[in-house]
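Enquirer: target-v6.cif is the file, holding mmCIF, C-alpha atoms:
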data_work
#
loop_
_atom_site.label_atom_id
_atom_site.label_comp_id
_atom_site.auth_asym_id
_atom_site.auth_seq_id
_atom_site.Cartn_x
_atom_site.Cartn_y
_atom_site.Cartn_z
CA MET A 1 0.00 0.00 0.00
CA THR A 2 1.34 3.45 -0.91
CA CYS A 3 1.06 6.50 1.32
CA ALA A 4 -1.49 7.98 -1.12
CA ASP A 5 -3.61 4.85 -0.80
CA ALA A 6 -3.34 5.02 2.97
CA ARG A 7 -4.29 8.70 3.14
CA ALA A 8 -7.41 7.95 1.10
CA LEU A 9 -8.47 5.24 3.51
CA ILE A 10 -7.74 7.03 6.79
CA PRO A 11 -11.05 8.94 7.07
CA ALA A 12 -13.18 5.81 6.64
CA TRP A 13 -10.90 3.92 9.03
CA VAL A 14 -11.32 6.65 11.68
CA ASP A 15 -15.10 6.45 11.17
CA GLN A 16 -14.96 2.65 11.51
CA GLU A 17 -16.46 2.32 8.04
CA LEU A 18 -13.61 0.43 6.41
CA SER A 19 -13.95 -3.25 5.52
CA GLN A 20 -11.96 -5.66 7.66
CA LEU A 21 -9.64 -6.45 4.77
CA ASP A 22 -8.86 -2.80 3.95
CA GLY A 23 -8.58 -2.01 7.66
CA LEU A 24 -5.93 -4.68 8.19
CA ALA A 25 -4.00 -3.52 5.13
CA LEU A 26 -4.09 0.09 6.34
CA GLU A 27 -3.04 -0.85 9.84
CA ARG A 28 -0.08 -2.79 8.44
CA HIS A 29 0.95 0.34 6.53
CA LEU A 30 0.51 2.58 9.57
CA SER A 31 2.70 0.28 11.64
CA VAL A 32 5.63 0.95 9.30
CA CYS A 33 4.93 4.53 8.17
CA PRO A 34 5.24 7.14 10.94
CA GLN A 35 4.04 10.00 8.67
CA CYS A 36 0.77 8.27 7.80
CA ALA A 37 0.38 7.07 11.38
CA SER A 38 0.75 10.66 12.56
CA GLU A 39 -1.79 11.84 9.97
CA ALA A 40 -4.24 9.14 11.07
CA LYS A 41 -3.81 10.16 14.69
CA ARG A 42 -4.31 13.86 13.88
CA HIS A 43 -7.39 13.17 11.77
CA ALA A 44 -8.92 10.98 14.47
CA SER A 45 -8.22 13.73 16.98
CA PHE A 46 -9.89 16.33 14.74
CA VAL A 47 -12.99 14.21 14.17
CA LYS A 48 -13.27 13.51 17.88
CA GLY A 49 -13.02 17.23 18.60
CA LEU A 50 -15.57 18.09 15.90
CA LYS A 51 -18.09 15.57 17.21
CA GLY A 52 -17.64 16.83 20.74
CA HIS A 53 -17.81 20.53 19.97
CA LEU A 54 -20.80 20.78 17.68
CA PRO A 55 -23.62 22.23 19.78
CA ARG A 56 -26.58 19.93 20.13
CA LEU A 57 -29.54 22.25 19.94
CA GLN A 58 -32.85 20.98 21.20
CA ALA A 59 -36.21 21.52 19.54
CA PRO A 60 -38.08 24.33 21.33
CA ALA A 61 -40.66 23.01 23.81
CA ASP A 62 -43.56 24.74 22.06
CA LEU A 63 -42.55 23.22 18.72
CA ARG A 64 -42.37 19.80 20.31
CA ALA A 65 -45.87 20.27 21.73
CA ARG A 66 -47.22 21.54 18.39
CA VAL A 67 -45.77 18.57 16.50
CA LEU A 68 -47.25 16.04 18.90
CA ARG A 69 -50.61 17.81 18.85
CA GLY A 70 -50.41 17.72 15.06
CA LEU A 71 -50.13 13.94 15.20
CA ASP A 72 -53.41 13.73 17.08
CA SER A 73 -55.28 15.92 14.63
CA ALA A 74 -53.75 14.06 11.69
CA ALA A 75 -54.94 10.74 13.07
CA PHE A 76 -58.50 12.10 13.47
CA PRO A 77 -58.56 14.83 10.80
CA PRO A 78 -61.39 17.29 11.37
CA LYS A 79 -61.50 18.21 7.67
CA GLN A 80 -62.85 14.80 6.69
CA ARG A 81 -66.61 15.11 6.86
CA LEU A 82 -69.06 12.50 5.71
CA ARG A 83 -71.38 14.06 3.18
CA PRO A 84 -75.12 13.73 3.91
CA LEU A 85 -75.61 12.42 0.35
CA ALA A 86 -73.24 9.57 1.06
CA TRP A 87 -75.37 8.57 4.02
CA LEU A 88 -78.51 8.77 1.92
CA GLY A 89 -76.94 6.73 -0.86
CA GLY A 90 -75.96 4.10 1.62
CA GLY A 91 -79.48 4.16 2.98
CA VAL A 92 -80.80 2.87 -0.34
CA LEU A 93 -78.60 -0.16 0.07
CA ALA A 94 -78.91 -0.65 3.75
CA GLY A 95 -82.60 0.04 4.19
CA ALA A 96 -84.45 0.48 7.40
CA ALA A 97 -81.80 -1.15 9.61
CA LEU A 98 -79.24 1.50 8.72
CA VAL A 99 -81.74 4.31 9.28
CA ALA A 100 -82.39 2.87 12.72
CA LEU A 101 -78.68 2.80 13.43
CA LEU A 102 -78.25 6.37 12.26
CA THR A 103 -81.02 7.44 14.55
CA LEU A 104 -79.44 5.56 17.41
CA LEU A 105 -76.06 7.15 16.89
CA LEU A 106 -77.14 10.59 15.75
CA PRO A 107 -76.21 12.43 18.98
CA GLN A 108 -72.62 11.35 18.44
CA ARG A 109 -72.47 12.37 14.79
CA GLY A 110 -69.77 15.01 15.31
CA ALA A 111 -67.36 12.42 16.60
CA GLN A 112 -68.24 9.98 13.81
CA ASP A 113 -67.42 12.45 11.08
CA ALA A 114 -63.69 12.00 11.34
CA TRP A 115 -62.76 8.73 12.91
CA THR A 116 -63.70 6.36 10.07
CA GLN A 117 -61.52 8.13 7.52
CA PHE A 118 -58.26 6.76 8.89
CA TYR A 119 -59.43 3.20 8.29
CA ARG A 120 -60.61 3.89 4.74
CA ASP A 121 -57.34 5.66 3.91
CA ASP A 122 -55.23 2.92 5.46
CA HIS A 123 -57.22 0.21 3.68
CA GLN A 124 -57.03 2.04 0.36
CA THR A 125 -53.29 2.67 0.63
CA HIS A 126 -52.44 -0.94 1.32
CA SER A 127 -55.04 -2.84 -0.64
CA GLN A 128 -53.76 -1.28 -3.85
CA ALA A 129 -50.10 -1.86 -3.14
CA ASP A 130 -47.72 -4.70 -2.49
CA THR A 131 -47.93 -3.84 1.19
CA GLU A 132 -51.33 -5.50 1.46
CA VAL A 133 -49.96 -7.88 4.08
CA GLN A 134 -46.73 -8.10 6.05
CA TYR A 135 -47.33 -11.76 6.82
CA ARG A 136 -48.97 -13.88 4.12
CA SER A 137 -50.74 -17.06 5.13
CA SER A 138 -54.20 -18.59 4.79
CA SER A 139 -53.69 -20.53 8.01
CA GLN A 140 -55.66 -19.00 10.89
CA PRO A 141 -53.32 -20.39 13.62
CA MET A 142 -50.24 -19.16 11.76
CA VAL A 143 -51.63 -15.64 11.30
CA ALA A 144 -52.74 -15.55 14.95
CA ALA A 145 -49.26 -16.64 16.03
CA TRP A 146 -47.58 -13.96 13.90
CA LEU A 147 -49.78 -11.23 15.35
CA ALA A 148 -49.31 -12.47 18.91
CA LYS A 149 -45.54 -12.55 18.42
CA ASN A 150 -45.50 -9.00 17.10
CA LEU A 151 -47.96 -7.47 19.54
CA GLY A 152 -47.20 -9.45 22.67
CA HIS A 153 -50.85 -10.45 23.17
CA PRO A 154 -53.35 -12.63 21.32
CA VAL A 155 -55.39 -11.10 18.51
CA HIS A 156 -58.66 -12.49 17.22
CA VAL A 157 -58.38 -13.93 13.70
CA PRO A 158 -61.94 -14.99 12.91
CA GLU A 159 -62.90 -17.54 10.32
CA MET A 160 -65.52 -16.31 7.86
CA PRO A 161 -67.16 -18.73 5.41
CA ASP A 162 -67.52 -15.96 2.84
CA ALA A 163 -63.96 -14.61 3.07
CA GLN A 164 -60.58 -16.24 2.57
CA LEU A 165 -57.82 -15.33 4.99
CA VAL A 166 -54.84 -13.76 3.18
CA GLY A 167 -52.57 -12.73 6.05
CA ALA A 168 -51.98 -9.87 8.45
CA ARG A 169 -50.18 -6.60 8.87
CA LEU A 170 -49.69 -3.86 11.45
CA SER A 171 -50.67 -0.23 11.20
CA VAL A 172 -50.19 2.75 13.47
CA LEU A 173 -52.96 4.98 14.80
CA ARG A 174 -52.28 7.78 17.28
CA GLY A 175 -48.90 6.26 18.03
CA GLN A 176 -50.40 2.87 18.85
CA THR A 177 -49.74 -0.29 16.86
CA VAL A 178 -52.96 -1.75 15.50
CA ALA A 179 -53.43 -5.28 14.17
CA LEU A 180 -55.14 -6.09 10.91
CA ASP A 181 -56.38 -9.42 9.62
CA VAL A 182 -56.59 -9.31 5.84
CA TYR A 183 -59.07 -11.35 3.82
CA ARG A 184 -60.32 -11.67 0.28
CA SER A 185 -64.03 -11.75 -0.52
CA GLN A 186 -65.70 -11.50 -3.92
CA GLY A 187 -62.31 -10.59 -5.39
CA LYS A 188 -61.90 -7.60 -3.04
CA THR A 189 -59.49 -7.08 -0.17
CA VAL A 190 -61.16 -6.96 3.24
CA SER A 191 -59.33 -5.33 6.16
CA LEU A 192 -60.32 -6.25 9.71
CA PHE A 193 -58.80 -3.93 12.32
CA VAL A 194 -58.83 -5.39 15.82
CA GLY A 195 -57.76 -3.59 18.97
CA ASP A 196 -58.41 -1.58 22.08
CA PRO A 197 -61.65 0.45 21.75
CA LYS A 198 -59.96 3.45 23.39
CA VAL A 199 -57.39 3.50 20.58
CA LEU A 200 -59.54 2.54 17.63
CA CYS A 201 -62.69 4.61 18.06
CA PRO A 202 -63.92 7.68 19.92
CA LEU A 203 -67.42 6.19 20.19
CA THR A 204 -68.81 3.89 22.84
CA LEU A 205 -70.87 1.17 21.20
CA PRO A 206 -73.07 -1.35 23.00
CA GLN A 207 -71.70 -4.90 22.93
CA ASP A 208 -72.07 -6.40 19.41
CA GLN A 209 -74.11 -3.40 18.20
CA LEU A 210 -73.10 -2.72 14.60
CA PHE A 211 -72.05 0.72 13.48
CA ALA A 212 -72.40 0.78 9.70
CA ASP A 213 -71.13 3.43 7.33
CA SER A 214 -71.53 3.02 3.59
CA GLY A 215 -69.05 4.93 1.52
CA SER A 216 -67.92 5.23 -2.02
CA PRO A 217 -66.16 3.00 -2.73
CA TYR A 218 -65.28 1.70 0.74
CA SER A 219 -67.92 0.64 3.25
CA LEU A 220 -67.15 0.23 6.91
CA VAL A 221 -68.75 -1.76 9.71
CA ALA A 222 -67.61 -1.61 13.34
CA TRP A 223 -68.59 -3.32 16.54
CA GLN A 224 -67.29 -4.06 20.00
CA HIS A 225 -67.03 -7.59 21.31
CA LYS A 226 -65.54 -8.78 24.60
CA GLY A 227 -63.52 -5.63 25.13
CA HIS A 228 -62.13 -5.55 21.60
CA PHE A 229 -63.12 -3.19 18.84
CA HIS A 230 -63.46 -4.60 15.31
CA ILE A 231 -63.61 -2.57 12.11
CA LEU A 232 -64.23 -4.14 8.73
CA VAL A 233 -63.43 -2.10 5.62
CA ALA A 234 -63.83 -3.23 2.02
CA GLU A 235 -64.94 -2.16 -1.40
CA LEU A 236 -68.11 -4.15 -0.96
CA GLY A 237 -71.77 -3.35 -0.42
CA LEU A 238 -72.83 -2.60 3.10
CA GLU A 239 -75.06 -5.68 3.30
CA GLN A 240 -72.19 -7.97 2.31
CA LEU A 241 -69.95 -6.32 4.88
CA LYS A 242 -72.57 -6.71 7.61
CA LYS A 243 -72.86 -10.36 6.68
CA LEU A 244 -69.11 -10.77 7.12
CA ALA A 245 -69.33 -8.93 10.44
CA HIS A 246 -71.98 -11.37 11.61
CA GLN A 247 -69.72 -14.27 10.61
CA CYS A 248 -66.89 -12.69 12.62
CA GLN A 249 -69.13 -12.40 15.66
CA VAL A 250 -70.22 -16.04 15.35
CA SER A 251 -66.58 -17.08 15.00
CA ALA A 252 -65.67 -15.18 18.15
CA ILE A 253 -68.28 -16.90 20.33
CA MET B 1 -27.32 -10.40 16.24
CA PRO B 2 -29.90 -9.85 13.50
CA PRO B 3 -32.44 -7.06 14.00
CA SER B 4 -35.67 -8.13 15.66
CA ASN B 5 -38.71 -8.53 13.44
CA ASN B 6 -40.90 -7.66 16.36
CA PRO B 7 -41.87 -3.98 15.93
CA LEU B 8 -42.91 -3.73 19.55
CA GLN B 9 -39.52 -4.89 20.74
CA ARG B 10 -37.81 -2.36 18.53
CA TYR B 11 -40.56 0.26 18.51
CA PRO B 12 -42.45 -0.04 21.78
CA ALA B 13 -44.16 3.32 21.48
CA GLY B 14 -45.10 3.34 17.78
CA PHE B 15 -44.60 6.36 15.57
CA GLU B 16 -45.04 9.00 18.24
CA GLY B 17 -42.52 7.39 20.59
CA LEU B 18 -39.96 6.95 17.84
CA LEU B 19 -40.49 10.47 16.63
CA GLU B 20 -40.05 11.99 20.07
CA HIS B 21 -36.68 10.28 20.33
CA HIS B 22 -35.50 11.95 17.12
CA LEU B 23 -37.25 15.32 17.30
CA ASP B 24 -34.17 17.22 18.45
CA GLY B 25 -32.04 15.70 15.70
CA LEU B 26 -34.70 16.40 13.09
CA TYR B 27 -34.97 19.99 14.27
CA ARG B 28 -31.19 20.45 14.09
CA PHE B 29 -31.15 18.94 10.60
CA ALA B 30 -34.02 21.17 9.45
CA LEU B 31 -32.18 24.16 10.90
CA SER B 32 -29.00 23.16 9.09
CA LEU B 33 -30.95 22.93 5.84
CA THR B 34 -32.95 26.14 6.12
CA ARG B 35 -30.80 28.22 8.51
CA GLN B 36 -33.98 29.90 9.76
CA SER B 37 -35.85 28.68 12.80
CA ALA B 38 -39.33 29.49 11.44
CA GLU B 39 -38.60 27.69 8.17
CA ALA B 40 -37.03 24.79 10.05
CA GLU B 41 -40.18 24.42 12.14
CA ASP B 42 -42.39 24.38 9.03
CA VAL B 43 -40.21 21.79 7.31
CA LEU B 44 -40.16 19.68 10.46
CA GLN B 45 -43.93 19.78 10.90
CA ASP B 46 -44.57 18.92 7.24
CA SER B 47 -42.11 16.04 7.50
CA VAL B 48 -43.75 14.64 10.60
CA LEU B 49 -47.15 14.54 8.93
CA LYS B 50 -45.65 12.89 5.84
CA GLY B 51 -43.92 10.39 8.11
CA LEU B 52 -47.16 9.61 9.89
CA GLU B 53 -48.94 9.02 6.59
CA ALA B 54 -46.16 6.77 5.34
CA PHE B 55 -45.49 4.90 8.59
CA GLY B 56 -47.80 2.04 7.60
CA ARG B 57 -45.37 1.27 4.81
CA PHE B 58 -42.32 1.46 7.08
CA GLU B 59 -40.97 -2.05 7.40
CA ALA B 60 -40.57 -3.52 10.87
CA GLY B 61 -36.86 -3.90 11.58
CA GLY B 62 -36.03 -1.00 9.26
CA ASN B 63 -33.91 1.99 10.20
CA PHE B 64 -36.40 4.57 11.47
CA LYS B 65 -33.81 7.29 11.99
CA ALA B 66 -32.51 7.17 8.42
CA TRP B 67 -36.08 6.82 7.15
CA ILE B 68 -37.49 9.87 8.93
CA PHE B 69 -34.40 11.99 8.17
CA ALA B 70 -34.82 11.07 4.48
CA ILE B 71 -38.44 12.21 4.62
CA LEU B 72 -37.32 15.53 6.06
CA MET B 73 -34.66 15.86 3.36
CA ASN B 74 -37.26 15.20 0.64
CA THR B 75 -39.66 17.67 2.21
CA PHE B 76 -36.93 20.30 2.13
CA ARG B 77 -36.11 19.46 -1.49
CA ASP B 78 -39.74 19.83 -2.49
CA ARG B 79 -40.02 23.22 -0.81
CA TYR B 80 -36.70 24.68 -1.86
CA ARG B 81 -35.81 23.28 -5.25
CA ARG B 82 -34.62 26.65 -6.53
CA LEU B 83 -32.41 27.29 -3.50
CA GLN B 84 -30.92 23.85 -3.76
CA ARG B 85 -29.88 24.39 -7.37
CA GLN B 86 -28.17 27.60 -6.32
CA ALA B 87 -26.36 25.81 -3.53
CA LEU B 88 -25.16 23.08 -5.86
CA ARG B 89 -23.63 25.66 -8.16
CA GLU B 90 -21.60 26.99 -5.26
CA LEU B 91 -19.67 23.76 -4.81
CA PRO B 92 -15.92 24.24 -5.19
CA LEU B 93 -14.28 22.12 -7.84
CA ASP B 94 -11.17 21.15 -5.87
CA SER B 95 -11.88 17.62 -4.80
CA LEU B 96 -8.52 17.12 -3.11
CA LEU B 97 -8.28 20.19 -0.99
CA GLU B 98 -4.98 20.53 0.85
CA ALA B 99 -5.93 20.69 4.48
CA PRO B 100 -3.75 21.57 7.47
CA SER B 101 -3.11 18.78 9.92
CA VAL B 102 -5.39 19.99 12.66
CA GLY B 103 -6.20 18.03 15.79
CA GLU B 104 -8.59 18.26 18.69
CA GLU B 105 -6.67 21.11 20.28
CA VAL B 106 -8.10 23.64 17.81
CA PHE B 107 -11.54 23.14 19.32
CA ASP B 108 -10.26 24.04 22.77
CA LEU B 109 -9.20 27.40 21.37
CA LEU B 110 -12.59 28.29 19.85
CA LEU B 111 -16.12 28.76 21.07
CA LYS B 112 -18.76 26.21 20.15
CA GLU B 113 -20.65 28.97 18.36
CA GLU B 114 -17.57 29.64 16.21
CA VAL B 115 -17.34 25.96 15.31
CA LEU B 116 -21.03 25.94 14.42
CA ALA B 117 -20.62 29.08 12.31
CA ALA B 118 -17.77 27.42 10.42
CA VAL B 119 -19.95 24.37 9.75
CA GLU B 120 -22.82 26.57 8.62
CA ALA B 121 -20.51 28.37 6.21
CA LEU B 122 -19.81 25.11 4.35
CA PRO B 123 -21.49 24.54 0.98
CA LEU B 124 -24.82 22.82 1.46
CA ASP B 125 -23.89 19.29 0.38
CA PHE B 126 -20.72 19.28 2.47
CA ARG B 127 -22.55 20.75 5.44
CA LEU B 128 -25.25 18.10 5.33
CA ALA B 129 -22.73 15.25 5.15
CA VAL B 130 -20.81 16.65 8.14
CA HIS B 131 -24.04 17.28 10.03
CA LEU B 132 -25.47 13.79 9.54
CA VAL B 133 -22.27 11.87 10.28
CA ASP B 134 -20.51 14.02 12.87
CA LEU B 135 -23.46 15.53 14.71
CA GLU B 136 -26.25 13.01 14.30
CA GLY B 137 -24.01 9.93 14.28
CA LEU B 138 -25.37 8.32 11.11
CA SER B 139 -23.27 5.75 9.31
CA TYR B 140 -22.07 6.46 5.78
CA ARG B 141 -24.78 4.21 4.41
CA GLU B 142 -27.54 5.85 6.48
CA ALA B 143 -26.40 9.36 5.58
CA ALA B 144 -26.20 8.39 1.90
CA GLN B 145 -29.78 7.08 2.16
CA VAL B 146 -30.95 10.38 3.64
CA LEU B 147 -29.20 12.43 0.98
CA ASP B 148 -30.16 9.98 -1.77
CA CYS B 149 -26.63 9.61 -3.10
CA PRO B 150 -24.09 6.76 -3.38
CA SER B 151 -21.92 6.04 -0.32
CA GLY B 152 -18.83 7.06 -2.27
CA THR B 153 -20.34 10.47 -2.95
CA LEU B 154 -21.23 10.83 0.70
CA MET B 155 -17.65 9.98 1.71
CA SER B 156 -16.29 12.52 -0.74
CA ARG B 157 -18.60 15.26 0.52
CA LEU B 158 -17.81 14.42 4.12
CA ASN B 159 -14.06 14.52 3.58
CA ARG B 160 -14.20 17.73 1.60
CA GLY B 161 -16.40 19.29 4.26
CA ARG B 162 -14.05 18.26 7.03
CA ASN B 163 -11.05 19.49 5.09
CA LEU B 164 -12.70 22.87 4.54
CA LEU B 165 -13.43 22.98 8.25
CA LYS B 166 -9.80 22.22 9.09
CA VAL B 167 -8.79 25.17 6.93
CA SER B 168 -11.33 27.61 8.32
CA LEU B 169 -10.89 26.62 11.97
CA ALA B 170 -7.09 26.68 11.74
CA ASP B 171 -7.23 30.09 10.04
CA LEU B 172 -9.59 31.40 12.69
CA ALA B 173 -7.36 30.21 15.50
CA LEU B 174 -4.30 31.55 13.71
CA ASP B 175 -5.91 34.98 13.18
CA ARG B 176 -6.65 35.18 16.85
CA GLY B 177 -3.07 34.30 17.68
CA LEU B 178 -4.43 31.23 19.42
CA LEU B 179 -2.52 28.83 17.18
CA ALA B 180 1.20 29.27 16.57
CA GLY B 181 1.95 29.89 12.88
CA GLU B 182 4.92 27.62 12.71
CA VAL B 183 2.95 24.76 14.16
CA ASP B 184 0.32 25.25 11.48
CA GLN B 185 2.87 25.48 8.68
CA GLN B 186 4.66 22.39 9.84
CA GLY B 187 1.40 20.64 10.11
CA ARG B 188 0.31 21.23 6.56
CA ARG B 189 0.64 18.35 4.22
CA PRO B 190 3.53 18.59 1.79
#
When written as structure tokens, how does the structure in this file appear?

Expert:
Amino acid sequence: MTCADARALIPAWVDQELSQLDGLALERHLSVCPQCASEAKRHASFVKGLKGHLPRLQAPADLRARVLRGLDSAAFPPKQRLRPLAWLGGGVLAGAALVALLTLLLPQRGAQDAWTQFYRDDHQTHSQADTEVQYRSSSQPMVAAWLAKNLGHPVHVPEMPDAQLVGARLSVLRGQTVALDVYRSQGKTVSLFVGDPKVLCPLTLPQDQLFADSGSPYSLVAWQHKGHFHILVAELGLEQLKKLAHQCQVSAI
Amino acid sequence: MPPSNNPLQRYPAGFEGLLEHHLDGLYRFALSLTRQSAEAEDVLQDSVLKGLEAFGRFEAGGNFKAWIFAILMNTFRDRYRRLQRQALRELPLDSLLEAPSVGEEVFDLLLKEEVLAAVEALPLDFRLAVHLVDLEGLSYREAAQVLDCPSGTLMSRLNRGRNLLKVSLADLALDRGLLAGEVDQQGRRP
């Protein structure tokens, strides 16, 4: 190795970025070349001084607070409003049962306006990409094991006669990791979010009472069962989604 | 030991927890890019929202720090394309700058603010390489990912940035009479 070669390698060696082979070759050269050894020592000293003397500014406290507040509002964006026409359009499909549900939940409408959008967006983003699942398997025990391993607690992976299990993935809502079982039904991807009601939804629903929200193109059905909140999202009609929800509930019993 | 595939082992607090851990570094990086605190805050806030939107696609076991810094870098690029082109034109052509042999002692002679001012006076690409590696502790590969350039380019920018710093800091100390001239002259590479 020439001195020019050695000088070129010294910075990466000081930064511990050199391959083992090049490192050994350089060290052999340094052991016999006092000029290069001195240069290496001086460069290491300079880098150490630079790292130690660059001031480490901290983000201002008010900025920190604003950023974290921004995360909350981004997770439940107030700008996303369900249009009355969308509800009416869904009513044609859903019929009297949906009207009854709307009436039941009407006092909480303000809270409903925003919270479903996250699930539609998340479903849309992943169902049209190669990130549809992080773990691909049609085996219910295997998917349940993968989710339990990643979350540290068991997650319900229901069996639905009208939907084929595809796998699972994780998403993040308000800083919390949320589990998703992913299915295929009538050629469409079906996302089933399962988790803590306090994280998943601002509403309090009676046990097994369905909250249904038809949308274009993604419908959404939610319910609470045994302390867990479930949200089904798919590009399917509301009646089909409610049927799948019923199959989930039966599977959970 | 291979990285864990369990996101809760590596990321126990999800996006918010991870972000909080890197907020100071992201703020410093935004400040280094924009040089104005108000602009840095805007870039940071935009980047955080983009990160939140994209976090579902972030692979468990991936490098969150490099990932979120890259998002901030791209946010800056989107906002300041014109400024960035100007900065790129400023780059000096001398790739093998002769630098004095300066050691740690020069930092004891100068204020931290003077060191920071010297870093901020570097051309943008050099400054960012120095900032990411020497201040934020990123590896060459991580810094190259953030800056979207090959590792060799990152190394070159880092070395040229450090060499420019050696020159400017040694000159500053020399001007102040804090560094003996003959020591500096002897120290320069032949």

Enquirer: Excluding Arg57 of chain B and its own-chain neighbours fewer than 5 positions away, which residues fall within 12 Å of it when counting only C-alpha atoms? Please give them as number ranges by chain.

Expert: A: 122-123, 125-127, 129-134, 169-172; B: 15, 50-52, 62, 64, 67

Enquirer: Include C-alpha atoms and write out the residues we just selected as a PDB file, in the coordinates of the input.

Expert:
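Saved to selection_5.pdb:
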ATOM      1  CA  ASP A 122     -55.230   2.920   5.460  1.00  0.00           C
ATOM      2  CA  HIS A 123     -57.220   0.210   3.680  1.00  0.00           C
ATOM      3  CA  THR A 125     -53.290   2.670   0.630  1.00  0.00           C
ATOM      4  CA  HIS A 126     -52.440  -0.940   1.320  1.00  0.00           C
ATOM      5  CA  SER A 127     -55.040  -2.840  -0.640  1.00  0.00           C
ATOM      6  CA  ALA A 129     -50.100  -1.860  -3.140  1.00  0.00           C
ATOM      7  CA  ASP A 130     -47.720  -4.700  -2.490  1.00  0.00           C
ATOM      8  CA  THR A 131     -47.930  -3.840   1.190  1.00  0.00           C
ATOM      9  CA  GLU A 132     -51.330  -5.500   1.460  1.00  0.00           C
ATOM     10  CA  VAL A 133     -49.960  -7.880   4.080  1.00  0.00           C
ATOM     11  CA  GLN A 134     -46.730  -8.100   6.050  1.00  0.00           C
ATOM     12  CA  ARG A 169     -50.180  -6.600   8.870  1.00  0.00           C
ATOM     13  CA  LEU A 170     -49.690  -3.860  11.450  1.00  0.00           C
ATOM     14  CA  SER A 171     -50.670  -0.230  11.200  1.00  0.00           C
ATOM     15  CA  VAL A 172     -50.190   2.750  13.470  1.00  0.00           C
TER      16      VAL A 172
ATOM     17  CA  PHE B  15     -44.600   6.360  15.570  1.00  0.00           C
ATOM     18  CA  LYS B  50     -45.650  12.890   5.840  1.00  0.00           C
ATOM     19  CA  GLY B  51     -43.920  10.390   8.110  1.00  0.00           C
ATOM     20  CA  LEU B  52     -47.160   9.610   9.890  1.00  0.00           C
ATOM     21  CA  GLY B  62     -36.030  -1.000   9.260  1.00  0.00           C
ATOM     22  CA  PHE B  64     -36.400   4.570  11.470  1.00  0.00           C
ATOM     23  CA  TRP B  67     -36.080   6.820   7.150  1.00  0.00           C
TER      24      TRP B  67
END

Enquirer: Could you give me the centre and size, in Å to one decimal, of an axis-aligned box around all listed atoms of segment 134-141 of chain A with 8 Å added on every side, as AutoDock Vina command-line options?

Expert:
--center_x -51.2 --center_y -14.3 --center_z 8.9 --size_x 24.9 --size_y 28.4 --size_z 25.5

Enquirer: Report the distance between atom CA of Asp5 of chain A and atom CA of His29 of chain A in Å, rounded to one decimal place.

Expert: 9.7 Å

Enquirer: I need the chain B residues near chain A as JSON, numbers by chain; criterion: at most 7 Å, counting only C-alpha atoms.

Expert: {"B": [6, 7, 8, 13, 14, 15, 16, 17, 23, 24, 27, 28, 45, 49, 56, 57, 101, 102, 103, 104, 107, 112, 115, 116, 134, 135]}

Enquirer: Can you list, as an NGL selection string, the residues that the PyMOL selection byres ((chain A and resi 240-252) around 7) selects here?

Expert: :A and (158-160 or 162 or 221 or 236-239 or 253)

Enquirer: Missing atoms in segment 165-175 of chain A: can you complete it with N, CA and C atoms, as a short mmCIF file (atom, residue, chain, number, x, y, z; two decimals), in the coordinates of the input?

Expert:
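So result13.cif came out as:
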data_model
loop_
_atom_site.label_atom_id
_atom_site.label_comp_id
_atom_site.auth_asym_id
_atom_site.auth_seq_id
_atom_site.Cartn_x
_atom_site.Cartn_y
_atom_site.Cartn_z
N LEU A 165 -58.91 -16.01 4.29
CA LEU A 165 -57.82 -15.33 4.99
C LEU A 165 -56.60 -15.21 4.06
N VAL A 166 -56.02 -14.01 4.04
CA VAL A 166 -54.84 -13.76 3.18
C VAL A 166 -53.58 -13.59 4.03
N GLY A 167 -53.73 -12.97 5.20
CA GLY A 167 -52.57 -12.73 6.05
C GLY A 167 -52.86 -11.64 7.05
N ALA A 168 -51.81 -10.92 7.44
CA ALA A 168 -51.98 -9.87 8.45
C ALA A 168 -50.92 -8.80 8.26
N ARG A 169 -51.19 -7.66 8.82
CA ARG A 169 -50.18 -6.60 8.87
C ARG A 169 -50.45 -5.74 10.09
N LEU A 170 -49.55 -4.79 10.33
CA LEU A 170 -49.69 -3.86 11.45
C LEU A 170 -49.82 -2.45 10.88
N SER A 171 -50.59 -1.63 11.57
CA SER A 171 -50.67 -0.23 11.20
C SER A 171 -50.48 0.60 12.48
N VAL A 172 -50.42 1.90 12.31
CA VAL A 172 -50.19 2.75 13.47
C VAL A 172 -51.24 3.85 13.51
N LEU A 173 -51.93 3.96 14.62
CA LEU A 173 -52.96 4.98 14.80
C LEU A 173 -52.69 5.68 16.12
N ARG A 174 -52.55 6.99 16.07
CA ARG A 174 -52.28 7.78 17.28
C ARG A 174 -51.11 7.20 18.07
N GLY A 175 -50.09 6.76 17.36
CA GLY A 175 -48.90 6.26 18.03
C GLY A 175 -49.05 4.85 18.57
#
